[in-house]
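Here is the structure we will look at, set down as structure tokens.
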Amino acid sequence: MKNSRVKNNGKSFLFPIIALFSLSICAVLALVLVGGEEVIYELQQLNFVPDEKTVCIDPGHGGSSSGATLGSRLEKDDTLRLSLLVRDILEERGYTVVMTRDNDSDVSLADRCKIANKARASLFVSIHRNSSTSPDATGMEMWVHSSNPTDDTLLAQNILDCLDTLDITNRGIHSGYRDGADMNYYINRHTKMPSVLAEIDFISNKTDNKNYDKNIEKYAKAIADGIELTLKEMHYS
Ligand SMILES: [Zn+2]
């Protein structure tokens with residue numbers, strides 16, 4: 001009799017805990033299902049503690065992925081050249097810069113995000129050049145996650161403002177994905193820190209190419225300035 005009472009008490013004590021635990025799991029699942037991408041995006045940033053002096057620079061494409069092209073000119077080469085210059089400037093200023101690639105190699109989008117997340121980078125900037133069937137299309141645009149996160153948008157705005165002094169047409173900040181407003185670029189979805197996909201200008205525009213080659217060091221300094229300004233405004237440095 002005594003024993004069975006102890007047993008029952010144990011069960012009745014355990015039941016609410018199991019029920020509560022199951023309810024929490026259901027609530028999280030329901031949130032993910034109803035809230036979709038935005039909830040997943042917010043959940044994955046929980047418990048992420050960035051290293052305040054570490055930044056990740058991601059030169060778009062590489063290896064078998066040339067990106068946009070114009071004749072023999074390949075986006076992957078241009079993004080690497082510019083990214084390495086940004087790295088050098090930030091390193092000179094005392095930051096630790098993690099590159100997703102520093103040579104002409106294939107790196108998957110998943111690995112790019114893993115590199116940044118593992119290094120606990122405080123910001124992630126993916127550098128690209130745009131392309132259009134219209135040879136007159138020109139200028140820079142910044143892409144952030146569709147939920148317009150505050151720090152991501154701040155980073156995008158600061159890079160735009162710094163590049164804006166260099167006579168590049170400003171096409172502004174865009175959120176989501178070029179081919180669908182409810183979608184997102186992979187890197188904006190899977191990095192845990194504020195991120196921006198920066199289309200610096202158009203590889204399909206001859207004047208943009210001329211300016212890119214002539215001003216590449218100024219572009220690099222402007223991007224580094226935008227990153228540093230953002231870190232300061234986020235009270236990181
Ligand atoms: Zn690209």
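Within each chain, counting starts at residue 1; across the structure tokens, chains are named A, B, ... in the order shown, with ligands numbered 1 upward in that order.
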
_Distance filter 9 Å around ligand 1, atoms: only C-alpha atoms and all ligand atoms, out as a list in words_ = Pro59, Gly60, His61, Ser66, Gly67, Ala68, Glu75, Lys76, Thr79, Ser126, Ile127, His128, Arg129, Asn130, Ser131, Leu197, Ala198 and Glu199 of chain A

Those same residues - N, CA and C atoms - I'd like them written as a CSV table (one decimal), in the first residue's frame.
```
chain,number,residue,atom,x,y,z
A,59,PRO,N,34.0,36.3,-50.9
A,59,PRO,CA,34.0,36.7,-52.4
A,59,PRO,C,33.1,35.8,-53.1
A,60,GLY,N,32.1,36.3,-53.8
A,60,GLY,CA,31.1,35.6,-54.5
A,60,GLY,C,31.7,34.6,-55.5
A,61,HIS,N,31.1,33.4,-55.6
A,61,HIS,CA,31.4,32.4,-56.6
A,61,HIS,C,32.8,31.8,-56.4
A,66,SER,N,31.6,30.6,-62.1
A,66,SER,CA,32.2,31.8,-62.5
A,66,SER,C,31.4,33.0,-62.1
A,67,GLY,N,30.1,32.8,-61.8
A,67,GLY,CA,29.3,34.0,-61.6
A,67,GLY,C,28.9,34.6,-63.0
A,68,ALA,N,28.6,35.9,-62.9
A,68,ALA,CA,28.3,36.6,-64.2
A,68,ALA,C,29.6,36.8,-65.0
A,75,GLU,N,33.0,37.2,-63.0
A,75,GLU,CA,32.7,37.8,-61.7
A,75,GLU,C,33.5,37.2,-60.5
A,76,LYS,N,33.8,35.9,-60.6
A,76,LYS,CA,34.5,35.3,-59.4
A,76,LYS,C,35.9,35.9,-59.3
A,79,THR,N,35.4,39.6,-57.8
A,79,THR,CA,35.0,39.6,-56.3
A,79,THR,C,36.2,39.2,-55.5
A,126,SER,N,29.0,39.6,-48.3
A,126,SER,CA,29.2,38.8,-49.5
A,126,SER,C,29.3,39.7,-50.7
A,127,ILE,N,30.5,39.6,-51.4
A,127,ILE,CA,30.7,40.6,-52.5
A,127,ILE,C,30.5,40.0,-53.8
A,128,HIS,N,29.7,40.7,-54.6
A,128,HIS,CA,29.3,40.2,-56.0
A,128,HIS,C,29.3,41.4,-56.9
A,129,ARG,N,29.2,41.0,-58.2
A,129,ARG,CA,28.9,42.0,-59.3
A,129,ARG,C,27.7,41.5,-60.0
A,130,ASN,N,26.8,42.5,-60.3
A,130,ASN,CA,25.5,42.2,-61.0
A,130,ASN,C,25.7,42.0,-62.5
A,131,SER,N,24.6,41.6,-63.1
A,131,SER,CA,24.6,41.5,-64.6
A,131,SER,C,23.2,41.7,-65.1
A,197,LEU,N,24.4,40.9,-48.9
A,197,LEU,CA,24.9,40.5,-50.2
A,197,LEU,C,25.0,41.8,-51.0
A,198,ALA,N,26.3,42.2,-51.3
A,198,ALA,CA,26.6,43.5,-51.9
A,198,ALA,C,26.8,43.3,-53.4
A,199,GLU,N,25.9,43.8,-54.2
A,199,GLU,CA,26.2,43.8,-55.7
A,199,GLU,C,26.9,45.2,-55.9
```

*Residue list (alpha helix (DSSP H), DSSP) for segment 5-236 of chain A, as a PyMOL selection string*: chain A and resi 5-35+37-43+75-92+109-118+150-163+186-190+206-233

*Would you please give, as a VMD selection string, all residues of segment 103-187 of chain A that DSSP assigns to strand (DSSP E) based on the backbone?*
chain A and resid 121 to 130 140 to 144 170 to 175

*Tell me which of A:Leu154, A:Leu231, A:Ile203, A:Ala116 sits closest to Arg73 of chain A, counting only C-alpha atoms.*
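Between A:Leu154, A:Leu231, A:Ile203, A:Ala116, the residue approaching Arg73 of chain A most closely is A:Ile203.
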